[in-house]
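Novice: Input structure: data-v6.pdb, which contains PDB, C-alpha atoms and all ligand atoms.
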MODEL        1
ATOM      1  CA  MET A 872      13.027 -19.037  21.648
ATOM      2  CA  SER A 873      13.531 -15.603  23.186
ATOM      3  CA  GLU A 874      11.203 -14.462  25.957
ATOM      4  CA  ARG A 875      11.020 -10.895  24.669
ATOM      5  CA  LYS A 876       7.748  -9.097  25.577
ATOM      6  CA  VAL A 877       5.626  -8.370  22.521
ATOM      7  CA  ASP A 878       2.488  -6.356  21.833
ATOM      8  CA  HIS A 879       1.427  -8.052  18.613
ATOM      9  CA  SER A 880       1.676 -11.680  17.509
ATOM     10  CA  ILE A 881       1.120 -12.321  13.810
ATOM     11  CA  ILE A 882       0.118 -15.969  13.376
ATOM     12  CA  VAL A 883       0.404 -17.643   9.974
ATOM     13  CA  PRO A 884      -0.445 -21.314   9.229
ATOM     14  CA  VAL A 885       1.594 -22.625   6.314
ATOM     15  CA  TYR A 886       1.139 -25.690   4.182
ATOM     16  CA  ASN A 887       3.156 -25.672   0.947
ATOM     17  CA  GLU A 888       3.199 -21.943   0.271
ATOM     18  CA  GLU A 889       6.812 -21.607  -0.922
ATOM     19  CA  GLU A 890       6.210 -18.914  -3.534
ATOM     20  CA  SER A 891       4.011 -16.700  -1.372
ATOM     21  CA  LEU A 892       6.189 -16.647   1.726
ATOM     22  CA  LYS A 893       8.796 -14.076   0.736
ATOM     23  CA  PRO A 894       6.355 -11.423  -0.533
ATOM     24  CA  LEU A 895       4.145 -12.114   2.525
ATOM     25  CA  PHE A 896       7.067 -11.667   4.909
ATOM     26  CA  GLU A 897       8.020  -8.377   3.230
ATOM     27  CA  GLU A 898       4.426  -7.120   3.411
ATOM     28  CA  ILE A 899       4.171  -7.972   7.112
ATOM     29  CA  LEU A 900       7.445  -6.177   7.910
ATOM     30  CA  LYS A 901       6.341  -3.138   5.923
ATOM     31  CA  VAL A 902       3.140  -2.892   7.967
ATOM     32  CA  MET A 903       4.475  -3.786  11.413
ATOM     33  CA  THR A 904       7.743  -1.802  11.462
ATOM     34  CA  PRO A 905       6.127   1.676  11.393
ATOM     35  CA  LEU A 906       3.832   0.734  14.307
ATOM     36  CA  ASN A 907       6.983   0.847  16.404
ATOM     37  CA  ARG A 908       5.744  -1.714  18.906
ATOM     38  CA  PRO A 909       7.469  -5.012  19.706
ATOM     39  CA  TYR A 910       5.958  -7.836  17.676
ATOM     40  CA  GLU A 911       6.549 -11.429  16.653
ATOM     41  CA  ILE A 912       5.619 -13.464  13.610
ATOM     42  CA  VAL A 913       4.687 -17.051  14.474
ATOM     43  CA  PHE A 914       4.737 -19.348  11.445
ATOM     44  CA  ILE A 915       3.160 -22.760  11.890
ATOM     45  CA  ASN A 916       4.612 -25.161   9.387
ATOM     46  CA  ASP A 917       1.902 -27.772   8.845
ATOM     47  CA  CYS A 918       4.456 -30.365   7.744
ATOM     48  CA  SER A 919       4.990 -28.762   4.331
ATOM     49  CA  SER A 920       6.637 -30.934   1.709
ATOM     50  CA  ASP A 921       7.924 -28.083  -0.474
ATOM     51  CA  ARG A 922      10.619 -25.502   0.328
ATOM     52  CA  SER A 923       8.428 -23.560   2.803
ATOM     53  CA  PRO A 924      10.324 -24.806   5.919
ATOM     54  CA  GLN A 925      13.720 -23.698   4.584
ATOM     55  CA  ILE A 926      12.307 -20.338   3.520
ATOM     56  CA  MET A 927      10.820 -19.742   6.986
ATOM     57  CA  GLU A 928      14.101 -20.779   8.621
ATOM     58  CA  GLY A 929      15.787 -18.173   6.406
ATOM     59  CA  PHE A 930      13.459 -15.499   7.843
ATOM     60  CA  ARG A 931      14.307 -16.641  11.367
ATOM     61  CA  LYS A 932      18.013 -16.302  10.614
ATOM     62  CA  GLU A 933      17.416 -12.843   9.215
ATOM     63  CA  LEU A 934      15.284 -11.637  12.157
ATOM     64  CA  PRO A 935      15.716 -14.014  15.125
ATOM     65  CA  GLU A 936      14.069 -11.548  17.519
ATOM     66  CA  VAL A 937      10.895 -11.422  15.472
ATOM     67  CA  VAL A 938      10.383 -14.762  13.748
ATOM     68  CA  ARG A 939       9.311 -17.943  15.519
ATOM     69  CA  ILE A 940       8.432 -21.202  13.836
ATOM     70  CA  VAL A 941       6.411 -24.127  15.100
ATOM     71  CA  HIS A 942       7.109 -27.206  12.982
ATOM     72  CA  LEU A 943       4.257 -29.701  13.235
ATOM     73  CA  PRO A 944       5.507 -33.314  12.974
ATOM     74  CA  LYS A 945       2.600 -34.365  10.732
ATOM     75  CA  ARG A 946       0.079 -32.594   8.527
ATOM     76  CA  SER A 947      -2.565 -31.506  11.001
ATOM     77  CA  GLY A 948      -4.854 -29.111   9.098
ATOM     78  CA  GLN A 949      -5.569 -25.411   9.388
ATOM     79  CA  THR A 950      -7.634 -25.647  12.593
ATOM     80  CA  PHE A 951      -4.914 -27.381  14.578
ATOM     81  CA  ALA A 952      -2.197 -25.191  13.037
ATOM     82  CA  LEU A 953      -4.087 -22.099  14.227
ATOM     83  CA  ARG A 954      -4.516 -23.596  17.695
ATOM     84  CA  GLU A 955      -0.772 -24.244  17.923
ATOM     85  CA  GLY A 956      -0.009 -20.722  16.726
ATOM     86  CA  LEU A 957      -2.421 -19.066  19.156
ATOM     87  CA  ASP A 958      -1.082 -21.167  22.038
ATOM     88  CA  ALA A 959       2.524 -20.340  21.172
ATOM     89  CA  SER A 960       1.835 -16.612  20.756
ATOM     90  CA  ARG A 961       2.703 -14.137  23.523
ATOM     91  CA  GLY A 962       1.421 -10.760  22.364
ATOM     92  CA  SER A 963      -1.366  -8.900  24.146
ATOM     93  CA  ILE A 964      -2.986  -8.858  20.718
ATOM     94  CA  ALA A 965      -3.040 -11.800  18.303
ATOM     95  CA  VAL A 966      -3.466 -11.385  14.559
ATOM     96  CA  THR A 967      -4.200 -14.345  12.281
ATOM     97  CA  LEU A 968      -3.894 -14.436   8.511
ATOM     98  CA  ASP A 969      -3.336 -16.900   5.675
ATOM     99  CA  ALA A 970       0.041 -17.439   4.078
ATOM    100  CA  ASP A 971      -1.154 -17.381   0.465
ATOM    101  CA  LEU A 972      -1.285 -13.561   0.063
ATOM    102  CA  GLN A 973      -5.081 -13.588  -0.299
ATOM    103  CA  ASN A 974      -5.343 -11.530   2.921
ATOM    104  CA  ASP A 975      -3.604  -8.156   2.868
ATOM    105  CA  PRO A 976      -1.437  -7.318   5.915
ATOM    106  CA  ALA A 977      -1.983  -3.625   5.084
ATOM    107  CA  ASP A 978      -5.433  -4.002   6.704
ATOM    108  CA  ILE A 979      -3.964  -4.829  10.117
ATOM    109  CA  PRO A 980      -3.483  -1.247  11.472
ATOM    110  CA  LYS A 981      -7.087  -0.217  10.810
ATOM    111  CA  MET A 982      -8.325  -3.449  12.398
ATOM    112  CA  LEU A 983      -6.289  -2.689  15.521
ATOM    113  CA  GLU A 984      -7.739   0.835  15.616
ATOM    114  CA  LYS A 985     -11.273  -0.480  15.214
ATOM    115  CA  MET A 986     -10.746  -2.953  18.052
ATOM    116  CA  ILE A 987      -9.716  -0.157  20.429
ATOM    117  CA  GLU A 988     -12.256   2.443  19.274
ATOM    118  CA  GLY A 989     -15.188   0.003  19.221
ATOM    119  CA  LYS A 990     -14.085  -1.742  22.446
ATOM    120  CA  TYR A 991     -14.239  -5.059  20.602
ATOM    121  CA  ASP A 992     -12.585  -8.285  21.731
ATOM    122  CA  CYS A 993     -12.112  -9.426  18.151
ATOM    123  CA  VAL A 994     -12.316  -7.696  14.774
ATOM    124  CA  CYS A 995     -12.835  -9.791  11.634
ATOM    125  CA  GLY A 996     -11.982  -9.013   8.037
ATOM    126  CA  TRP A 997     -14.921  -8.777   5.632
ATOM    127  CA  ARG A 998     -13.963  -9.844   2.100
ATOM    128  CA  ARG A 999     -16.695  -7.781   0.456
ATOM    129  CA  LEU A1000     -15.065  -8.149  -2.967
ATOM    130  CA  ARG A1001     -14.072 -11.745  -2.601
ATOM    131  CA  GLN A1002     -11.500 -13.056  -5.072
ATOM    132  CA  ASP A1003     -12.368 -16.744  -5.240
ATOM    133  CA  THR A1004     -14.288 -18.830  -7.758
ATOM    134  CA  PRO A1005     -17.963 -17.729  -8.069
ATOM    135  CA  LEU A1006     -19.053 -21.092  -6.655
ATOM    136  CA  LYS A1007     -16.857 -20.804  -3.580
ATOM    137  CA  ALA A1008     -17.779 -17.152  -3.012
ATOM    138  CA  GLY A1009     -21.491 -17.926  -3.497
ATOM    139  CA  LEU A1010     -21.515 -20.850  -1.071
ATOM    140  CA  SER A1011     -19.661 -18.785   1.478
ATOM    141  CA  LYS A1012     -22.204 -15.974   1.126
ATOM    142  CA  LEU A1013     -25.047 -18.424   1.742
ATOM    143  CA  GLY A1014     -23.244 -19.819   4.788
ATOM    144  CA  ASN A1015     -22.824 -16.333   6.160
ATOM    145  CA  ILE A1016     -26.494 -15.439   5.676
ATOM    146  CA  PHE A1017     -27.459 -18.710   7.352
ATOM    147  CA  GLN A1018     -25.232 -18.021  10.378
ATOM    148  CA  ARG A1019     -26.539 -14.453  10.701
ATOM    149  CA  LEU A1020     -30.167 -15.607  10.598
ATOM    150  CA  PHE A1021     -29.656 -18.441  13.054
ATOM    151  CA  THR A1022     -27.468 -16.677  15.579
ATOM    152  CA  GLY A1023     -28.167 -12.953  15.262
ATOM    153  CA  MET A1024     -24.420 -12.446  15.022
ATOM    154  CA  ASN A1025     -23.956  -9.386  12.865
ATOM    155  CA  ILE A1026     -20.826 -10.395  10.926
ATOM    156  CA  HIS A1027     -20.794 -10.644   7.142
ATOM    157  CA  ASP A1028     -17.776 -12.881   6.643
ATOM    158  CA  VAL A1029     -17.362 -15.410   9.430
ATOM    159  CA  SER A1030     -14.661 -17.437   7.709
ATOM    160  CA  CYS A1031     -12.170 -14.728   6.767
ATOM    161  CA  THR A1032      -9.004 -15.796   8.592
ATOM    162  CA  LEU A1033      -7.687 -12.244   8.822
ATOM    163  CA  ARG A1034      -8.677 -11.276  12.366
ATOM    164  CA  VAL A1035      -7.303  -9.481  15.402
ATOM    165  CA  TYR A1036      -8.020 -10.691  18.947
ATOM    166  CA  LYS A1037      -7.418  -9.434  22.468
ATOM    167  CA  ARG A1038      -5.410 -11.820  24.606
ATOM    168  CA  GLU A1039      -8.398 -12.315  26.961
ATOM    169  CA  CYS A1040     -10.339 -14.181  24.298
ATOM    170  CA  VAL A1041      -7.499 -16.115  22.635
ATOM    171  CA  GLY A1042      -7.606 -18.898  25.224
ATOM    172  CA  LYS A1043     -11.385 -19.233  24.890
ATOM    173  CA  ILE A1044     -11.474 -19.982  21.166
ATOM    174  CA  ALA A1045     -12.745 -23.515  20.558
ATOM    175  CA  LEU A1046     -10.482 -25.272  18.047
ATOM    176  CA  ASN A1047     -10.909 -28.932  18.905
ATOM    177  CA  TRP A1048     -11.611 -30.604  15.577
ATOM    178  CA  GLU A1049     -10.635 -29.961  11.960
ATOM    179  CA  GLY A1050     -12.939 -27.375  10.404
ATOM    180  CA  GLN A1051     -13.769 -25.584  13.644
ATOM    181  CA  HIS A1052     -11.653 -22.573  12.629
ATOM    182  CA  ARG A1053     -14.589 -21.534  10.405
ATOM    183  CA  PHE A1054     -16.602 -20.805  13.543
ATOM    184  CA  ILE A1055     -14.201 -18.687  15.566
ATOM    185  CA  PRO A1056     -16.419 -15.549  15.563
ATOM    186  CA  LEU A1057     -19.418 -17.705  16.519
ATOM    187  CA  SER A1058     -17.452 -19.452  19.262
ATOM    188  CA  LEU A1059     -16.477 -16.101  20.784
ATOM    189  CA  SER A1060     -19.833 -14.449  20.273
ATOM    190  CA  LEU A1061     -21.689 -17.330  21.978
ATOM    191  CA  GLN A1062     -19.391 -16.844  24.974
ATOM    192  CA  GLY A1063     -20.282 -13.154  25.209
ATOM    193  CA  PHE A1064     -17.256 -11.555  23.537
ATOM    194  CA  ARG A1065     -17.807  -8.468  21.368
ATOM    195  CA  ILE A1066     -17.052  -9.011  17.683
ATOM    196  CA  GLY A1067     -16.554  -6.247  15.117
ATOM    197  CA  GLU A1068     -15.692  -6.275  11.445
ATOM    198  CA  ILE A1069     -13.976  -4.150   8.849
ATOM    199  CA  VAL A1070     -14.002  -4.355   5.053
ATOM    200  CA  SER A1071     -10.725  -5.923   4.039
ATOM    201  CA  ASN A1072      -8.825  -6.307   0.815
ATOM    202  CA  HIS A1073      -8.958  -9.775  -0.707
ATOM    203  CA  ARG A1074      -6.690 -10.905  -3.508
ATOM    204  CA  LEU A1075      -6.616 -13.734  -5.995
ATOM    205  CA  ARG A1076      -4.412 -16.631  -5.039
ATOM    206  CA  LYS A1077      -1.383 -15.999  -7.238
ATOM    207  CA  TYR A1078       0.789 -18.961  -6.225
ATOM    208  CA  GLY A1079       0.130 -22.506  -5.098
ATOM    209  CA  THR A1080      -3.341 -24.043  -4.799
ATOM    210  CA  THR A1081      -6.223 -23.965  -2.356
ATOM    211  CA  LYS A1082      -6.271 -26.844   0.110
ATOM    212  CA  TYR A1083     -10.066 -27.056   0.120
ATOM    213  CA  SER A1084     -12.891 -27.835  -2.281
ATOM    214  CA  HIS A1085     -16.486 -26.586  -2.161
ATOM    215  CA  LYS A1086     -17.569 -30.163  -1.414
ATOM    216  CA  ARG A1087     -16.998 -29.493   2.275
ATOM    217  CA  ILE A1088     -20.210 -27.405   2.390
ATOM    218  CA  PHE A1089     -22.317 -30.253   3.863
ATOM    219  CA  ARG A1090     -19.760 -30.964   6.525
ATOM    220  CA  VAL A1091     -19.721 -27.246   7.377
ATOM    221  CA  MET A1092     -23.494 -27.310   7.994
ATOM    222  CA  VAL A1093     -23.148 -30.233  10.411
ATOM    223  CA  ASP A1094     -20.199 -28.506  12.099
ATOM    224  CA  PHE A1095     -22.262 -25.356  12.607
ATOM    225  CA  PHE A1096     -24.837 -27.174  14.738
ATOM    226  CA  ARG A1097     -22.066 -28.937  16.596
ATOM    227  CA  VAL A1098     -20.654 -25.547  17.628
ATOM    228  CA  LEU A1099     -24.099 -24.248  18.643
ATOM    229  CA  LYS A1100     -24.629 -27.316  20.817
ATOM    230  CA  THR A1101     -21.487 -26.636  22.821
ATOM    231  CA  GLY A1102     -22.267 -22.934  23.233
ATOM    232  CA  GLY A1103     -19.014 -22.207  21.409
ATOM    233  CA  ARG A1104     -16.983 -23.375  24.406
ATOM    234  CA  LYS A1105     -13.769 -25.351  24.246
TER
HETATM  235  N1  LIG A1201      -3.301 -24.522   5.608
HETATM  236  C1  LIG A1201      -2.627 -25.309   6.539
HETATM  237  N2  LIG A1201      -2.917 -26.641   6.612
HETATM  238  C2  LIG A1201      -3.861 -27.228   5.814
HETATM  239  C3  LIG A1201      -4.581 -26.425   4.893
HETATM  240  C4  LIG A1201      -4.287 -25.070   4.827
HETATM  241  O1  LIG A1201      -1.776 -24.797   7.269
HETATM  242  O2  LIG A1201      -4.064 -28.441   5.929
HETATM  243  C5  LIG A1201      -3.001 -23.075   5.519
HETATM  244  C6  LIG A1201      -2.632 -22.608   4.111
HETATM  245  O3  LIG A1201      -1.248 -22.757   3.841
HETATM  246  C7  LIG A1201      -3.085 -21.163   4.138
HETATM  247  C8  LIG A1201      -4.326 -21.211   5.036
HETATM  248  O4  LIG A1201      -4.190 -22.385   5.825
HETATM  249  O5  LIG A1201      -2.117 -20.333   4.745
HETATM  250  C9  LIG A1201      -5.624 -21.230   4.242
HETATM  251  O6  LIG A1201      -5.603 -22.279   3.269
HETATM  252  P1  LIG A1201      -6.176 -22.064   1.788
HETATM  253  O7  LIG A1201      -5.663 -20.791   1.223
HETATM  254  O8  LIG A1201      -5.888 -23.307   1.007
HETATM  255  O9  LIG A1201      -7.734 -21.947   2.061
HETATM  256  P2  LIG A1201      -8.810 -21.102   1.208
HETATM  257  O10 LIG A1201      -8.353 -19.659   1.226
HETATM  258  O11 LIG A1201      -8.774 -21.671  -0.174
HETATM  259  O12 LIG A1201     -10.093 -21.339   1.942
HETATM  260 MG    MG A1202      -6.520 -18.961   0.495
ENDMDL
END
Would you write the structure of this file as structure tokens?
Ligand code: UDP
Ligand code: MG
Specialist:
Amino acid sequence: MSERKVDHSIIVPVYNEEESLKPLFEEILKVMTPLNRPYEIVFINDCSSDRSPQIMEGFRKELPEVVRIVHLPKRSGQTFALREGLDASRGSIAVTLDADLQNDPADIPKMLEKMIEGKYDCVCGWRRLRQDTPLKAGLSKLGNIFQRLFTGMNIHDVSCTLRVYKRECVGKIALNWEGQHRFIPLSLSLQGFRIGEIVSNHRLRKYGTTKYSHKRIFRVMVDFFRVLKTGGRK
């Protein structure tokens, strides 16, 4: 891996997303190239069993200066994949997003601007027009209202993975157990970091399938109190 200095690290966890990867890669390049700042794309291959690994290796061959890949030896889940990606990243700003094209990389520049203008440590995407099943979107809305009421944190969409972070807070994000990635804004906010948000574009999943079912809702409630108990710390 090259030790080139980078401003922005784009971090993408991947589990069986073979059809989405090429359009995603093209969208990221289209957004990042005009910024004219050195950047890297860190793909975390969560032990995919489809053609995702070969496709990512193809990107690395095409742009070895930009693309890095962390291959996890066993399926580890989105939380651990994000942890690996954040740890491997080197940019002064980290950007996380999903691989399935539901998040839109075109939102990244305005999130970066908002982070600087608002002096935020982290800016989260807000999927105001969420493109998921009504049940999933409804449960998520309830979860968000619940978190806002309980914590006073003024974020509408705590679980949108599209976020930008300053390097200073990347190392403080608690990602110790599977599911904890849903509480990243809470983890940072409890530790005194400033969190902003911006309305982001959300798209229907066109390829592949979701890796989660709404049945996790009860687990998420338990997890929420677990995070509160630790003050959001690692
Ligand atoms: N993902 C992963 N490991 C997993 C589950 C998911 O790396 O065990 C990745 C997945 O490929 C995607 C992101 O995490 O890039 C979010 O997953 P998904 O789209 O299934 O979640 P949803 O949007 O349905 O909540
Ligand atoms: Mg998704």
Novice: Which is closer to Gln949 (chain A) than all the others in A:Glu928, A:Asp992, A:Asp917, A:Glu933, using all atoms listed in the file?
Specialist: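 Among the listed residues, the smallest separation from Gln949 (chain A) belongs to A:Asp917.
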Novice: Against ligand MG 1202 (chain A), which residues of chain A fall within 10 Å? For each one I want the closest pair of atoms and the distance in Å (one decimal), counting only C-alpha atoms and all ligand atoms, rows by chain and increasing residue number, as JSON lines.
Specialist:
{"residue": "A:Leu968", "atom": "CA", "partner": "A:MG1202", "partner_atom": "MG", "distance": 9.6}
{"residue": "A:Asp969", "atom": "CA", "partner": "A:MG1202", "partner_atom": "MG", "distance": 6.4}
{"residue": "A:Ala970", "atom": "CA", "partner": "A:MG1202", "partner_atom": "MG", "distance": 7.6}
{"residue": "A:Asp971", "atom": "CA", "partner": "A:MG1202", "partner_atom": "MG", "distance": 5.6}
{"residue": "A:Leu972", "atom": "CA", "partner": "A:MG1202", "partner_atom": "MG", "distance": 7.5}
{"residue": "A:Gln973", "atom": "CA", "partner": "A:MG1202", "partner_atom": "MG", "distance": 5.6}
{"residue": "A:Asn974", "atom": "CA", "partner": "A:MG1202", "partner_atom": "MG", "distance": 7.9}
{"residue": "A:Gln1002", "atom": "CA", "partner": "A:MG1202", "partner_atom": "MG", "distance": 9.5}
{"residue": "A:Asp1003", "atom": "CA", "partner": "A:MG1202", "partner_atom": "MG", "distance": 8.5}
{"residue": "A:Cys1031", "atom": "CA", "partner": "A:MG1202", "partner_atom": "MG", "distance": 9.4}
{"residue": "A:Thr1032", "atom": "CA", "partner": "A:MG1202", "partner_atom": "MG", "distance": 9.0}
{"residue": "A:His1073", "atom": "CA", "partner": "A:MG1202", "partner_atom": "MG", "distance": 9.6}
{"residue": "A:Arg1074", "atom": "CA", "partner": "A:MG1202", "partner_atom": "MG", "distance": 9.0}
{"residue": "A:Leu1075", "atom": "CA", "partner": "A:MG1202", "partner_atom": "MG", "distance": 8.3}
{"residue": "A:Arg1076", "atom": "CA", "partner": "A:MG1202", "partner_atom": "MG", "distance": 6.4}
{"residue": "A:Lys1077", "atom": "CA", "partner": "A:MG1202", "partner_atom": "MG", "distance": 9.7}
{"residue": "A:Tyr1078", "atom": "CA", "partner": "A:MG1202", "partner_atom": "MG", "distance": 9.9}
{"residue": "A:Gly1079", "atom": "CA", "partner": "A:MG1202", "partner_atom": "MG", "distance": 9.4}
{"residue": "A:Thr1080", "atom": "CA", "partner": "A:MG1202", "partner_atom": "MG", "distance": 8.0}
{"residue": "A:Thr1081", "atom": "CA", "partner": "A:MG1202", "partner_atom": "MG", "distance": 5.8}
{"residue": "A:Lys1082", "atom": "CA", "partner": "A:MG1202", "partner_atom": "MG", "distance": 7.9}
{"residue": "A:Tyr1083", "atom": "CA", "partner": "A:MG1202", "partner_atom": "MG", "distance": 8.8}
Novice: Just how far from CA of Gly1050 (chain A) is CA of Ala952 (chain A), in Å to one decimal?
Specialist: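 Straight-line distance from CA of Ala952 (chain A) to CA of Gly1050 (chain A) works out to 11.3 Å.
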Novice: Of the candidates A:His1085, A:Lys932, A:Lys876, A:Arg1001, which one gets nearest to Val1070 (chain A) if we count only C-alpha atoms?
Specialist: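 Closest candidate: A:Arg1001.
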Novice: Fewer than 3 positions away in the same chain doesn't count, so skip those; otherwise give me all residues within 7 Å of Thr950 (chain A), counting all atoms listed in the file, as a ChimeraX atom specification.
Specialist: /A:953-954,1046,1049-1052
Novice: Given the selection you just returned, output its residues as a file containing C-alpha atoms, formatted as a PDB file, in the coordinates of the input.
Specialist:
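And here's part_13.pdb as it stands now:
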ATOM      1  CA  LEU A 953      -4.087 -22.099  14.227  1.00  0.00           C
ATOM      2  CA  ARG A 954      -4.516 -23.596  17.695  1.00  0.00           C
ATOM      3  CA  LEU A1046     -10.482 -25.272  18.047  1.00  0.00           C
ATOM      4  CA  GLU A1049     -10.635 -29.961  11.960  1.00  0.00           C
ATOM      5  CA  GLY A1050     -12.939 -27.375  10.404  1.00  0.00           C
ATOM      6  CA  GLN A1051     -13.769 -25.584  13.644  1.00  0.00           C
ATOM      7  CA  HIS A1052     -11.653 -22.573  12.629  1.00  0.00           C
TER       8      HIS A1052
END
Novice: Just checking: using only C-alpha atoms and all ligand atoms, which residue out of A:Lys985, A:Arg1090, A:Arg1104, A:Lys945 ends up closest to ligand LIG 1201 (chain A)?
Specialist: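 Result for the nearest residue to ligand LIG 1201 (chain A): A:Lys945.
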Novice: Could you tell me, as a PyMOL selection string, exactly which residues end up selected when the PyMOL selection byres (((chain A and resi 999) around 10) and not hetatm) is applied to this structure?
Specialist: chain A and resi 996-998+1000-1002+1012+1027-1028+1069-1073
Novice: Can you sort out region 1089-1101 of chain A so it carries N, CA, C and O atoms, written as a PDB file, in the frame of the given file?
Specialist:
ATOM      1  N   PHE A1089     -21.385 -29.484   3.022  1.00  0.00           N
ATOM      2  CA  PHE A1089     -22.317 -30.253   3.863  1.00  0.00           C
ATOM      3  C   PHE A1089     -21.725 -30.499   5.253  1.00  0.00           C
ATOM      4  O   PHE A1089     -22.407 -30.408   6.259  1.00  0.00           O
ATOM      5  N   ARG A1090     -20.463 -30.765   5.257  1.00  0.00           N
ATOM      6  CA  ARG A1090     -19.760 -30.964   6.525  1.00  0.00           C
ATOM      7  C   ARG A1090     -19.842 -29.674   7.365  1.00  0.00           C
ATOM      8  O   ARG A1090     -20.058 -29.699   8.573  1.00  0.00           O
ATOM      9  N   VAL A1091     -19.702 -28.532   6.676  1.00  0.00           N
ATOM     10  CA  VAL A1091     -19.721 -27.246   7.377  1.00  0.00           C
ATOM     11  C   VAL A1091     -21.071 -27.026   8.065  1.00  0.00           C
ATOM     12  O   VAL A1091     -21.140 -26.516   9.185  1.00  0.00           O
ATOM     13  N   MET A1092     -22.153 -27.455   7.403  1.00  0.00           N
ATOM     14  CA  MET A1092     -23.494 -27.310   7.994  1.00  0.00           C
ATOM     15  C   MET A1092     -23.595 -28.129   9.288  1.00  0.00           C
ATOM     16  O   MET A1092     -24.092 -27.653  10.303  1.00  0.00           O
ATOM     17  N   VAL A1093     -23.109 -29.352   9.231  1.00  0.00           N
ATOM     18  CA  VAL A1093     -23.148 -30.233  10.411  1.00  0.00           C
ATOM     19  C   VAL A1093     -22.300 -29.611  11.526  1.00  0.00           C
ATOM     20  O   VAL A1093     -22.706 -29.544  12.697  1.00  0.00           O
ATOM     21  N   ASP A1094     -21.117 -29.114  11.131  1.00  0.00           N
ATOM     22  CA  ASP A1094     -20.199 -28.506  12.099  1.00  0.00           C
ATOM     23  C   ASP A1094     -20.846 -27.316  12.803  1.00  0.00           C
ATOM     24  O   ASP A1094     -20.622 -27.081  13.994  1.00  0.00           O
ATOM     25  N   PHE A1095     -21.616 -26.548  12.053  1.00  0.00           N
ATOM     26  CA  PHE A1095     -22.262 -25.356  12.607  1.00  0.00           C
ATOM     27  C   PHE A1095     -23.146 -25.734  13.806  1.00  0.00           C
ATOM     28  O   PHE A1095     -23.063 -25.133  14.885  1.00  0.00           O
ATOM     29  N   PHE A1096     -23.950 -26.765  13.639  1.00  0.00           N
ATOM     30  CA  PHE A1096     -24.837 -27.174  14.738  1.00  0.00           C
ATOM     31  C   PHE A1096     -24.047 -27.770  15.905  1.00  0.00           C
ATOM     32  O   PHE A1096     -24.436 -27.635  17.058  1.00  0.00           O
ATOM     33  N   ARG A1097     -22.947 -28.379  15.551  1.00  0.00           N
ATOM     34  CA  ARG A1097     -22.066 -28.937  16.596  1.00  0.00           C
ATOM     35  C   ARG A1097     -21.529 -27.807  17.490  1.00  0.00           C
ATOM     36  O   ARG A1097     -21.456 -27.948  18.713  1.00  0.00           O
ATOM     37  N   VAL A1098     -21.173 -26.689  16.853  1.00  0.00           N
ATOM     38  CA  VAL A1098     -20.654 -25.547  17.628  1.00  0.00           C
ATOM     39  C   VAL A1098     -21.776 -24.943  18.476  1.00  0.00           C
ATOM     40  O   VAL A1098     -21.580 -24.640  19.663  1.00  0.00           O
ATOM     41  N   LEU A1099     -22.965 -24.807  17.884  1.00  0.00           N
ATOM     42  CA  LEU A1099     -24.099 -24.248  18.643  1.00  0.00           C
ATOM     43  C   LEU A1099     -24.383 -25.076  19.892  1.00  0.00           C
ATOM     44  O   LEU A1099     -24.630 -24.541  20.965  1.00  0.00           O
ATOM     45  N   LYS A1100     -24.318 -26.385  19.721  1.00  0.00           N
ATOM     46  CA  LYS A1100     -24.629 -27.316  20.817  1.00  0.00           C
ATOM     47  C   LYS A1100     -23.696 -27.132  22.022  1.00  0.00           C
ATOM     48  O   LYS A1100     -24.102 -27.280  23.167  1.00  0.00           O
ATOM     49  N   THR A1101     -22.457 -26.784  21.721  1.00  0.00           N
ATOM     50  CA  THR A1101     -21.487 -26.636  22.821  1.00  0.00           C
ATOM     51  C   THR A1101     -21.432 -25.206  23.338  1.00  0.00           C
ATOM     52  O   THR A1101     -20.574 -24.874  24.178  1.00  0.00           O
TER      53      THR A1101
END
